[in-house]
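Novice: So I've got this file, start_15.txt, and it contains compact mmCIF, C-alpha atoms:
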```txt
# COMPACT_ATOMS: atom_id res chain seq x y z
CA MET A 1 6.34 -29.29 3.65
CA LYS A 2 7.52 -25.96 4.97
CA ASN A 3 5.02 -23.68 6.75
CA ILE A 4 5.06 -20.12 5.39
CA CYS A 5 3.25 -17.59 7.58
CA ILE A 6 2.31 -14.48 5.60
CA VAL A 7 1.03 -11.55 7.65
CA THR A 8 -1.12 -8.74 6.26
CA ALA A 9 -2.43 -5.77 8.22
CA ALA A 10 -3.96 -3.43 5.62
CA ARG A 11 -5.80 -3.38 2.27
CA SER A 12 -2.89 -1.88 0.32
CA GLU A 13 -0.41 -4.35 1.75
CA TYR A 14 -2.64 -7.31 0.85
CA GLY A 15 -2.85 -6.04 -2.73
CA LEU A 16 0.95 -6.11 -2.92
CA LEU A 17 1.22 -9.52 -1.25
CA LYS A 18 -1.59 -11.19 -3.19
CA TRP A 19 0.47 -13.04 -5.81
CA VAL A 20 3.04 -14.17 -3.25
CA ILE A 21 0.13 -15.53 -1.20
CA ASP A 22 -1.28 -17.16 -4.31
CA GLY A 23 2.06 -18.73 -5.22
CA VAL A 24 2.66 -20.15 -1.74
CA TYR A 25 -0.92 -21.45 -1.60
CA LYS A 26 -0.50 -23.34 -4.86
CA ASP A 27 3.04 -24.63 -4.28
CA PRO A 28 3.07 -28.36 -3.40
CA ASP A 29 6.17 -27.94 -1.22
CA LEU A 30 4.77 -25.11 0.91
CA GLU A 31 1.91 -24.74 3.38
CA LEU A 32 0.30 -21.29 3.55
CA GLN A 33 -0.44 -19.90 7.02
CA LEU A 34 -2.21 -16.60 6.31
CA VAL A 35 -2.69 -14.29 9.31
CA VAL A 36 -4.64 -11.01 9.20
CA THR A 37 -4.53 -8.18 11.70
CA GLY A 38 -4.66 -4.38 11.97
CA ALA A 39 -6.95 -2.42 9.68
CA HIS A 40 -8.26 -5.59 8.02
CA LEU A 41 -10.33 -6.25 11.14
CA SER A 42 -11.45 -2.64 11.67
CA GLU A 43 -15.02 -1.69 10.82
CA GLU A 44 -13.86 1.89 10.33
CA HIS A 45 -11.56 0.73 7.51
CA GLY A 46 -14.09 -1.54 5.85
CA GLN A 47 -13.21 -4.92 7.42
CA THR A 48 -11.12 -5.69 4.36
CA PHE A 49 -10.31 -9.24 5.45
CA ARG A 50 -13.48 -10.05 3.50
CA PHE A 51 -11.65 -9.29 0.24
CA ILE A 52 -9.14 -11.98 1.18
CA GLU A 53 -11.91 -14.47 1.90
CA ASP A 54 -13.58 -13.58 -1.40
CA ASP A 55 -10.32 -14.39 -3.18
CA GLY A 56 -10.48 -17.88 -1.70
CA TYR A 57 -7.38 -17.85 0.51
CA PRO A 58 -7.86 -19.56 3.91
CA ILE A 59 -7.13 -17.33 6.90
CA VAL A 60 -5.67 -19.41 9.74
CA ALA A 61 -5.73 -16.66 12.38
CA LYS A 62 -7.14 -13.19 12.98
CA VAL A 63 -5.24 -11.14 15.53
CA ASP A 64 -7.45 -8.22 16.57
CA ILE A 65 -5.31 -5.45 18.02
CA LYS A 66 -8.29 -3.08 18.44
CA LEU A 67 -6.66 -0.67 16.06
CA SER A 68 -7.19 3.03 16.62
CA SER A 69 -5.36 5.85 14.86
CA ASP A 70 -7.06 8.67 16.76
CA ASP A 71 -3.89 9.49 18.69
CA LYS A 72 -0.32 8.28 19.08
CA ILE A 73 -0.89 6.73 22.50
CA ALA A 74 -3.68 4.56 21.06
CA ILE A 75 -1.35 3.42 18.28
CA VAL A 76 1.33 2.40 20.78
CA GLN A 77 -1.28 0.58 22.85
CA SER A 78 -2.45 -1.33 19.77
CA MET A 79 1.18 -2.31 19.11
CA GLY A 80 1.32 -3.78 22.62
CA ARG A 81 -1.78 -5.86 21.92
CA CYS A 82 -0.23 -6.90 18.62
CA SER A 83 2.90 -8.15 20.38
CA GLU A 84 0.88 -10.21 22.83
CA GLY A 85 -1.42 -11.61 20.15
CA PHE A 86 1.37 -12.64 17.82
CA ALA A 87 3.43 -14.22 20.60
CA THR A 88 0.52 -16.64 21.02
CA THR A 89 -0.23 -17.03 17.31
CA ILE A 90 3.36 -17.69 16.24
CA SER A 91 3.92 -20.18 19.04
CA GLN A 92 0.77 -22.05 17.97
CA LEU A 93 1.46 -22.04 14.22
CA ARG A 94 5.20 -22.79 14.51
CA PRO A 95 6.00 -21.51 10.99
CA ASP A 96 9.31 -22.16 9.27
CA LEU A 97 9.32 -18.60 7.91
CA ILE A 98 7.28 -15.42 8.37
CA VAL A 99 6.78 -13.10 5.39
CA VAL A 100 6.02 -9.39 5.85
CA LEU A 101 5.97 -6.44 3.49
CA GLY A 102 6.80 -2.78 3.86
CA ASP A 103 6.72 -0.49 6.82
CA ARG A 104 3.42 -0.66 8.72
CA TYR A 105 3.96 0.01 12.43
CA GLU A 106 2.08 -3.19 13.29
CA LEU A 107 5.00 -5.12 11.80
CA LEU A 108 7.43 -4.02 14.53
CA PRO A 109 5.87 -6.13 17.32
CA ILE A 110 5.27 -9.00 14.89
CA VAL A 111 8.87 -9.17 13.72
CA SER A 112 10.16 -8.62 17.27
CA ALA A 113 8.12 -11.61 18.45
CA ALA A 114 9.49 -13.73 15.60
CA LEU A 115 13.07 -12.70 16.44
CA VAL A 116 12.74 -13.72 20.09
CA LEU A 117 10.98 -16.98 19.16
CA GLY A 118 13.70 -17.86 16.66
CA ILE A 119 11.55 -17.74 13.52
CA PRO A 120 13.30 -16.25 10.45
CA VAL A 121 11.56 -13.36 8.68
CA ALA A 122 11.48 -12.54 4.96
CA HIS A 123 11.00 -8.80 4.38
CA ILE A 124 9.65 -7.50 1.07
CA SER A 125 10.34 -3.89 -0.03
CA GLY A 126 13.06 -3.11 2.47
CA GLY A 127 15.79 -0.58 1.72
CA ASP A 128 13.39 2.05 0.37
CA VAL A 129 13.64 5.64 1.57
CA THR A 130 10.61 7.76 2.55
CA GLU A 131 11.76 10.72 4.60
CA GLY A 132 8.32 12.29 5.08
CA ALA A 133 7.01 9.67 7.50
CA ILE A 134 8.16 7.53 10.40
CA ASP A 135 7.82 4.60 7.99
CA ASN A 136 11.52 5.01 7.25
CA GLU A 137 12.65 4.11 10.76
CA ILE A 138 10.09 1.30 11.03
CA ARG A 139 11.11 -0.20 7.69
CA ASN A 140 14.80 -0.15 8.62
CA ALA A 141 14.12 -1.72 12.02
CA ILE A 142 12.19 -4.54 10.33
CA SER A 143 15.06 -5.08 7.91
CA MET A 144 17.55 -5.33 10.76
CA MET A 145 15.49 -8.12 12.33
CA SER A 146 14.91 -10.04 9.09
CA ALA A 147 16.88 -12.94 7.64
CA ILE A 148 16.06 -12.70 3.94
CA HIS A 149 15.31 -9.56 1.94
CA PHE A 150 13.40 -8.81 -1.25
CA PRO A 151 13.97 -5.15 -2.22
CA GLY A 152 12.19 -3.86 -5.28
CA VAL A 153 15.07 -2.04 -6.97
CA GLU A 154 18.87 -2.07 -6.99
CA SER A 155 19.22 1.19 -5.06
CA SER A 156 17.17 -0.31 -2.21
CA ALA A 157 19.30 -3.45 -2.29
CA GLU A 158 22.43 -1.29 -1.99
CA ASN A 159 20.91 0.52 0.99
CA LEU A 160 20.26 -2.83 2.67
CA MET A 161 23.82 -4.02 2.03
CA ARG A 162 25.21 -0.87 3.68
CA MET A 163 22.78 -1.14 6.59
CA LEU A 164 23.27 -4.86 7.23
CA GLY A 165 26.96 -5.00 6.36
CA ARG A 166 26.49 -7.99 4.07
CA ASN A 167 25.05 -8.94 0.67
CA GLU A 168 23.94 -12.48 1.49
CA TYR A 169 20.20 -13.21 1.18
CA ILE A 170 19.40 -9.86 -0.45
CA PHE A 171 17.56 -10.37 -3.75
CA THR A 172 16.30 -7.59 -6.04
CA VAL A 173 12.96 -8.84 -7.37
CA GLY A 174 10.95 -5.79 -8.53
CA GLU A 175 7.95 -4.28 -6.80
CA PRO A 176 5.22 -6.90 -6.20
CA GLY A 177 2.23 -4.63 -6.91
CA LEU A 178 2.99 -4.47 -10.64
CA GLU A 179 2.15 -8.14 -11.08
CA SER A 180 -1.56 -7.44 -10.73
CA PHE A 181 -1.56 -5.46 -13.99
CA LEU A 182 -0.46 -8.62 -15.79
CA ARG A 183 -2.52 -11.20 -13.93
CA TYR A 184 -5.89 -9.57 -13.27
CA GLU A 185 -8.55 -9.30 -15.92
CA LEU A 186 -9.07 -5.60 -15.33
CA MET A 187 -12.46 -3.94 -15.69
CA GLY A 188 -13.17 -1.79 -18.75
CA ARG A 189 -14.34 1.82 -18.68
CA GLU A 190 -18.01 1.06 -19.29
CA GLU A 191 -18.05 -1.64 -16.60
CA LEU A 192 -16.38 0.72 -14.13
CA ALA A 193 -18.83 3.51 -14.95
CA GLU A 194 -21.79 1.24 -14.25
CA ASN A 195 -20.22 -0.28 -11.15
CA MET A 196 -19.24 3.03 -9.54
CA GLY A 197 -21.94 5.39 -10.79
CA LEU A 198 -19.64 7.43 -13.04
CA ASP A 199 -20.06 9.29 -16.33
CA VAL A 200 -18.06 7.49 -18.99
CA GLU A 201 -17.61 10.74 -20.95
CA LYS A 202 -15.95 12.71 -18.14
CA HIS A 203 -12.35 12.74 -16.96
CA TRP A 204 -11.75 10.52 -13.92
CA CYS A 205 -9.15 11.08 -11.23
CA LEU A 206 -8.09 8.74 -8.43
CA VAL A 207 -7.41 10.42 -5.07
CA THR A 208 -5.65 8.80 -2.10
CA LEU A 209 -4.24 11.14 0.53
CA HIS A 210 -2.64 9.62 3.62
CA PRO A 211 -1.45 11.66 6.61
CA GLU A 212 2.15 12.75 6.83
CA THR A 213 3.05 11.23 10.18
CA ARG A 214 5.66 13.89 10.93
CA LEU A 215 2.98 16.61 10.77
CA ASP A 216 0.35 17.51 13.34
CA PHE A 217 -3.41 17.23 12.80
CA GLU A 218 -3.87 20.79 11.62
CA GLU A 219 -1.10 20.62 9.01
CA ASN A 220 -2.58 17.41 7.58
CA LEU A 221 -6.04 18.97 7.51
CA GLU A 222 -4.65 22.04 5.77
CA MET A 223 -3.21 19.73 3.10
CA VAL A 224 -6.53 17.98 2.46
CA ARG A 225 -8.44 21.29 2.48
CA ASN A 226 -6.08 22.77 -0.13
CA LEU A 227 -6.42 19.68 -2.27
CA PHE A 228 -10.20 19.76 -2.08
CA SER A 229 -10.30 23.46 -3.00
CA GLU A 230 -8.42 22.66 -6.20
CA MET A 231 -10.68 19.68 -6.92
CA GLN A 232 -13.66 22.01 -6.55
CA ALA A 233 -12.20 24.47 -9.03
CA VAL A 234 -11.64 21.95 -11.85
CA GLU A 235 -14.67 21.31 -14.08
CA GLY A 236 -15.50 18.18 -16.04
CA VAL A 237 -13.75 15.76 -13.67
CA GLN A 238 -15.20 13.07 -11.43
CA TYR A 239 -13.10 12.03 -8.46
CA VAL A 240 -12.95 8.60 -6.86
CA ILE A 241 -11.51 9.04 -3.38
CA SER A 242 -10.05 6.12 -1.47
CA LYS A 243 -9.95 6.77 2.27
CA ALA A 244 -6.71 7.32 4.18
CA ASN A 245 -5.00 4.45 5.95
CA ALA A 246 -4.76 3.83 9.70
CA ASP A 247 -1.78 6.11 10.33
CA PHE A 248 -1.97 8.86 12.95
CA GLY A 249 -4.20 11.56 11.43
CA GLY A 250 -6.01 9.26 9.02
CA VAL A 251 -9.27 9.44 10.97
CA GLN A 252 -9.37 13.21 10.67
CA ILE A 253 -8.68 13.14 6.92
CA ASN A 254 -11.48 10.60 6.43
CA GLU A 255 -13.91 12.67 8.50
CA PHE A 256 -13.10 15.65 6.27
CA TRP A 257 -13.83 13.61 3.11
CA GLU A 258 -17.10 12.27 4.50
CA THR A 259 -18.38 15.82 4.91
CA ALA A 260 -16.79 17.33 1.79
CA VAL A 261 -18.14 14.82 -0.73
CA LYS A 262 -21.71 15.70 0.23
CA ILE A 263 -21.24 19.02 -1.57
CA ASP A 264 -21.54 17.22 -4.93
CA THR A 265 -22.27 13.49 -4.87
CA ASP A 266 -21.97 13.27 -8.65
CA LYS A 267 -18.49 14.77 -8.73
CA TYR A 268 -17.09 13.00 -5.65
CA HIS A 269 -17.28 9.28 -4.88
CA LEU A 270 -15.79 8.13 -1.56
CA PHE A 271 -14.81 4.52 -0.79
CA SER A 272 -13.36 2.91 2.33
CA SER A 273 -11.66 0.47 -0.02
CA LEU A 274 -12.02 -0.21 -3.73
CA GLY A 275 -10.51 -3.69 -3.65
CA GLN A 276 -7.35 -4.37 -5.62
CA ARG A 277 -8.90 -5.29 -8.98
CA ARG A 278 -11.25 -2.32 -9.06
CA TYR A 279 -8.54 0.03 -7.77
CA LEU A 280 -6.09 -0.94 -10.52
CA SER A 281 -8.83 -1.00 -13.14
CA PHE A 282 -9.79 2.55 -12.24
CA MET A 283 -6.16 3.67 -12.19
CA ARG A 284 -5.74 2.38 -15.75
CA GLN A 285 -8.73 4.46 -16.90
CA ALA A 286 -7.88 7.59 -14.90
CA THR A 287 -6.71 10.90 -16.31
CA GLY A 288 -4.55 11.28 -13.22
CA VAL A 289 -3.64 9.92 -9.79
CA ILE A 290 -3.59 12.47 -6.98
CA GLY A 291 -2.38 12.36 -3.36
CA ASN A 292 0.66 10.84 -1.69
CA SER A 293 0.19 7.08 -1.87
CA SER A 294 3.13 4.87 -2.82
CA SER A 295 0.92 3.36 -5.54
CA GLY A 296 1.23 6.65 -7.43
CA ILE A 297 5.01 6.46 -7.22
CA VAL A 298 5.49 2.73 -7.89
CA GLU A 299 2.49 1.43 -9.83
CA ALA A 300 1.21 4.36 -11.89
CA PRO A 301 4.49 4.64 -13.89
CA PHE A 302 3.90 1.09 -15.17
CA LEU A 303 0.84 2.53 -16.96
CA GLY A 304 2.31 5.99 -17.56
CA ILE A 305 -0.57 7.72 -15.75
CA PRO A 306 0.19 11.34 -14.71
CA VAL A 307 0.57 11.61 -10.93
CA VAL A 308 0.29 14.64 -8.65
CA ASN A 309 2.36 13.75 -5.58
CA ILE A 310 1.63 16.14 -2.73
CA GLY A 311 3.97 16.92 0.15
CA ALA A 312 6.85 14.98 1.67
CA ARG A 313 5.36 11.59 2.56
CA GLN A 314 7.17 9.88 -0.35
CA LYS A 315 10.31 12.05 -0.17
CA GLY A 316 13.37 9.94 -0.89
CA ARG A 317 11.75 7.60 -3.42
CA TYR A 318 12.81 7.70 -7.05
CA LEU A 319 10.25 9.72 -9.02
CA CYS A 320 9.57 8.56 -12.57
CA LYS A 321 8.90 11.15 -15.29
CA ASN A 322 5.12 10.77 -15.00
CA VAL A 323 5.17 12.13 -11.41
CA ILE A 324 4.52 15.82 -10.82
CA GLN A 325 5.78 16.84 -7.37
CA CYS A 326 4.18 19.71 -5.44
CA ASN A 327 4.04 20.97 -1.87
CA ARG A 328 0.98 21.32 0.40
CA GLU A 329 0.17 24.90 -0.61
CA GLN A 330 -2.87 25.38 -2.84
CA SER A 331 -0.95 27.41 -5.42
CA SER A 332 1.52 24.56 -5.85
CA ILE A 333 -1.27 21.99 -6.10
CA HIS A 334 -2.99 24.19 -8.71
CA LYS A 335 0.10 24.26 -10.95
CA ALA A 336 0.46 20.48 -10.61
CA PHE A 337 -3.19 19.96 -11.60
CA GLU A 338 -2.77 22.11 -14.69
CA LYS A 339 0.25 20.05 -15.76
CA MET A 340 -1.47 16.72 -14.98
CA LEU A 341 -4.47 17.52 -17.18
CA GLN A 342 -2.20 18.26 -20.15
CA GLN A 343 0.51 15.64 -19.66
CA PRO A 344 0.56 12.55 -21.94
CA ARG A 345 1.20 9.08 -20.58
CA ILE A 346 4.89 8.43 -19.88
CA LYS A 347 5.57 4.75 -19.10
CA ASP A 348 8.55 3.70 -16.99
CA ASN A 349 9.57 0.22 -15.82
CA TYR A 350 12.03 1.45 -13.17
CA TYR A 351 10.18 -0.50 -10.44
CA GLY A 352 10.12 -3.82 -12.23
CA ASP A 353 8.56 -5.93 -14.96
CA GLY A 354 5.61 -7.40 -13.08
CA HIS A 355 7.09 -10.88 -12.49
CA THR A 356 7.97 -10.72 -8.81
CA SER A 357 6.15 -13.44 -6.88
CA ALA A 358 7.82 -16.38 -8.65
CA LYS A 359 11.26 -14.91 -7.86
CA ILE A 360 10.36 -14.46 -4.19
CA ILE A 361 9.00 -18.00 -3.82
CA LYS A 362 12.05 -19.51 -5.55
CA HIS A 363 14.43 -17.72 -3.17
CA ILE A 364 12.31 -18.67 -0.14
CA LYS A 365 12.44 -22.34 -1.13
CA ASP A 366 16.19 -22.17 -1.79
CA TYR A 367 16.66 -20.60 1.65
CA LEU A 368 14.49 -23.09 3.54
CA TYR A 369 15.51 -26.29 1.76
CA ALA A 370 19.21 -25.44 1.83
CA GLU A 371 19.20 -25.77 5.61
```
Would you write out, as structure tokens, the structure that this file holds?
Specialist:
Amino acid sequence: MKNICIVTAARSEYGLLKWVIDGVYKDPDLELQLVVTGAHLSEEHGQTFRFIEDDGYPIVAKVDIKLSSDDKIAIVQSMGRCSEGFATTISQLRPDLIVVLGDRYELLPIVSAALVLGIPVAHISGGDVTEGAIDNEIRNAISMMSAIHFPGVESSAENLMRMLGRNEYIFTVGEPGLESFLRYELMGREELAENMGLDVEKHWCLVTLHPETRLDFEENLEMVRNLFSEMQAVEGVQYVISKANADFGGVQINEFWETAVKIDTDKYHLFSSLGQRRYLSFMRQATGVIGNSSSGIVEAPFLGIPVVNIGARQKGRYLCKNVIQCNREQSSIHKAFEKMLQQPRIKDNYYGDGHTSAKIIKHIKDYLYAE
């Protein structure tokens, strides 16, 4: 059997990796070595490793990097602890392959450790472009240190070929998050209303606003203030707000939400994490998705849900026709809200068909057993 070490550092990333984890876990030729780190182990971010345990997947190691996103120095220090922790963990587990996804900064020390220790890395969702955050540079650095690549779309695969100077071991497989729409038994509207304390007769909107890591604190706070002012002005809507991630500035955005939602606890419902099934169930029932999360760009088009994408965090990604782009100014957000509330559902399968994990596992096995 080949040992496959899959690393997850955040709630959103686990949601995207879930069916790859599930496939490896159930494959008789593969041994799953699931390692959690980063925000999963942070009380501030809801200790989301518990969702993984609830799903029944065995966690072989927890690498606590004492994550803090209060300032950039603290982030760099946590990366140092991550490097040290994974040097030990990888040497103990001795995996045949390490699988990572995306562009979280925690992945840089993890992949660097694997490179030095001679362990090949499979990178999911490389080749994307997001100019509004330092994710771009991190993602490309991870790709350069990886042996096998699973971009979501052809344009990303072409970017990887140019970057790496080769086309070997680059496989376009579709975005992994779409698979959950096909494989979960999603919750219905009445069940969601009871579970989350919502009015089934009102419009629902899903809000996830992450910091733009190229902006300073005040600019990010201005963005969330302008968004909240528009939310206040719209009647007949209940908002489910999912807290920001562990990027620089996320703490300040979350502190703003914690105070703001107290203004009207019927209108605003704040969650550290919804969990993947409830998150996707709510998205399916929502009138609109608001913020700057990649899930609005990649996953919402699969359902056709109108999306208000604020600012430059996702700049460079392909925007499907359901996405309404606006800047951080309140007047721009206002116009986008007006359009969102009137726009019908426009489905688009640009990011894949929802059958990604089986393709990834097949290519991983071909790669490992060909040696």
Novice: Between range 16-111 of chain A and range 178-202 of chain A, at 12 Å or less, what are the per-residue closest atom pairs and their distances in Å? Count only C-alpha atoms, order by chain and rising residue number, and return it as CSV.
Specialist:
```
residue,atom,partner,partner_atom,distance
A:Leu16,CA,A:Leu178,CA,8.2
A:Leu17,CA,A:Glu179,CA,10.0
A:Lys18,CA,A:Ser180,CA,8.4
A:Trp19,CA,A:Glu179,CA,7.4
A:Val20,CA,A:Glu179,CA,9.9
A:Asp22,CA,A:Arg183,CA,11.4
```
Novice: Output the selection as a PDB file, in the frame of the given file - C-alpha atoms for each residue.
Specialist:
```pdb
ATOM      1  CA  LEU A  16       0.950  -6.110  -2.920  1.00  0.00           C
ATOM      2  CA  LEU A  17       1.220  -9.520  -1.250  1.00  0.00           C
ATOM      3  CA  LYS A  18      -1.590 -11.190  -3.190  1.00  0.00           C
ATOM      4  CA  TRP A  19       0.470 -13.040  -5.810  1.00  0.00           C
ATOM      5  CA  VAL A  20       3.040 -14.170  -3.250  1.00  0.00           C
ATOM      6  CA  ASP A  22      -1.280 -17.160  -4.310  1.00  0.00           C
TER       7      ASP A  22
END
```
Novice: Would you work out the distance separating CA of Arg81 in chain A from CA of Gly46 in chain A, expressed in Å to one decimal?
Specialist: 20.7 Å
Novice: Report as a list in words all protein, DNA and RNA residues lying within 10 Å of Phe256 in chain A, evaluated on all atoms listed in the file, omitting residues in the same chain fewer than 6 positions from it.
Specialist: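 Final neighbour list, sorted by chain and number: Leu221, Val224, Arg225, Phe228 and Gly250 of chain A.
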Novice: Between CA of Val298 in chain A and CA of Lys267 in chain A, what is the spacing in Å?
Specialist: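 Between CA of Lys267 in chain A and CA of Val298 in chain A the gap is 26.8 Å.
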Novice: Can you tell me which residues surround range 94-111 of chain A at a distance of at most 9 Å, considering all atoms listed in the file, apart from same-chain residues fewer than 5 positions away, and format the answer as an NGL selection string?
Specialist: :A and (2-10 or 13 or 16-17 or 33 or 37-38 or 75 or 78-87 or 89 or 116 or 119-126 or 128 or 134-142 or 145-146 or 247 or 364 or 368)
Novice: For the residues in that selection, give me C-alpha atoms as an mmCIF file, in the frame of the given file.
Specialist:
```cif
data_model
loop_
_atom_site.group_PDB
_atom_site.id
_atom_site.type_symbol
_atom_site.label_atom_id
_atom_site.label_comp_id
_atom_site.auth_asym_id
_atom_site.auth_seq_id
_atom_site.Cartn_x
_atom_site.Cartn_y
_atom_site.Cartn_z
ATOM 1 C CA LYS A 2 7.520 -25.960 4.970
ATOM 2 C CA ASN A 3 5.020 -23.680 6.750
ATOM 3 C CA ILE A 4 5.060 -20.120 5.390
ATOM 4 C CA CYS A 5 3.250 -17.590 7.580
ATOM 5 C CA ILE A 6 2.310 -14.480 5.600
ATOM 6 C CA VAL A 7 1.030 -11.550 7.650
ATOM 7 C CA THR A 8 -1.120 -8.740 6.260
ATOM 8 C CA ALA A 9 -2.430 -5.770 8.220
ATOM 9 C CA ALA A 10 -3.960 -3.430 5.620
ATOM 10 C CA GLU A 13 -0.410 -4.350 1.750
ATOM 11 C CA LEU A 16 0.950 -6.110 -2.920
ATOM 12 C CA LEU A 17 1.220 -9.520 -1.250
ATOM 13 C CA GLN A 33 -0.440 -19.900 7.020
ATOM 14 C CA THR A 37 -4.530 -8.180 11.700
ATOM 15 C CA GLY A 38 -4.660 -4.380 11.970
ATOM 16 C CA ILE A 75 -1.350 3.420 18.280
ATOM 17 C CA SER A 78 -2.450 -1.330 19.770
ATOM 18 C CA MET A 79 1.180 -2.310 19.110
ATOM 19 C CA GLY A 80 1.320 -3.780 22.620
ATOM 20 C CA ARG A 81 -1.780 -5.860 21.920
ATOM 21 C CA CYS A 82 -0.230 -6.900 18.620
ATOM 22 C CA SER A 83 2.900 -8.150 20.380
ATOM 23 C CA GLU A 84 0.880 -10.210 22.830
ATOM 24 C CA GLY A 85 -1.420 -11.610 20.150
ATOM 25 C CA PHE A 86 1.370 -12.640 17.820
ATOM 26 C CA ALA A 87 3.430 -14.220 20.600
ATOM 27 C CA THR A 89 -0.230 -17.030 17.310
ATOM 28 C CA VAL A 116 12.740 -13.720 20.090
ATOM 29 C CA ILE A 119 11.550 -17.740 13.520
ATOM 30 C CA PRO A 120 13.300 -16.250 10.450
ATOM 31 C CA VAL A 121 11.560 -13.360 8.680
ATOM 32 C CA ALA A 122 11.480 -12.540 4.960
ATOM 33 C CA HIS A 123 11.000 -8.800 4.380
ATOM 34 C CA ILE A 124 9.650 -7.500 1.070
ATOM 35 C CA SER A 125 10.340 -3.890 -0.030
ATOM 36 C CA GLY A 126 13.060 -3.110 2.470
ATOM 37 C CA ASP A 128 13.390 2.050 0.370
ATOM 38 C CA ILE A 134 8.160 7.530 10.400
ATOM 39 C CA ASP A 135 7.820 4.600 7.990
ATOM 40 C CA ASN A 136 11.520 5.010 7.250
ATOM 41 C CA GLU A 137 12.650 4.110 10.760
ATOM 42 C CA ILE A 138 10.090 1.300 11.030
ATOM 43 C CA ARG A 139 11.110 -0.200 7.690
ATOM 44 C CA ASN A 140 14.800 -0.150 8.620
ATOM 45 C CA ALA A 141 14.120 -1.720 12.020
ATOM 46 C CA ILE A 142 12.190 -4.540 10.330
ATOM 47 C CA MET A 145 15.490 -8.120 12.330
ATOM 48 C CA SER A 146 14.910 -10.040 9.090
ATOM 49 C CA ASP A 247 -1.780 6.110 10.330
ATOM 50 C CA ILE A 364 12.310 -18.670 -0.140
ATOM 51 C CA LEU A 368 14.490 -23.090 3.540
#
```
Novice: In the coordinates of the file, take the point (0.4, 10.5, -0.5) and a cut-off of 8 Å; then, counting all atoms listed in the file, name each qualifying protein, DNA or RNA residue as an NGL selection string.
Specialist: :A and (208-212 or 290-294 or 296 or 309-311 or 313-314)
Novice: Return the single residue from A:Gly354, A:Ser242, A:Gly236, A:Phe337 that is closest to Gly275 in chain A, with distances computed using all atoms listed in the file.
Specialist: A:Ser242
Novice: Put a box with edges along x, y and z around all the listed atoms of range 280-290 of chain A, pad it by 8 Å on each side, then give me its centre and sizes in Å, one decimal, as JSON.
Specialist:
```
{"center_x": -6.7, "center_y": 5.7, "center_z": -11.9, "size_x": 22.2, "size_y": 29.5, "size_z": 25.9}
```
Novice: Do you have the CA of Val240 in chain A-CA of Thr265 in chain A distance handy?
Specialist: 10.7 Å
Novice: Can you pull out the residues contacting Val60 in chain A? Cut-off 9 Å, using all atoms listed in the file, and skip same-chain residues under 6 positions away; I want them as JSON, numbers by chain.
Specialist: {"A": [32, 33, 34, 35, 36, 93]}
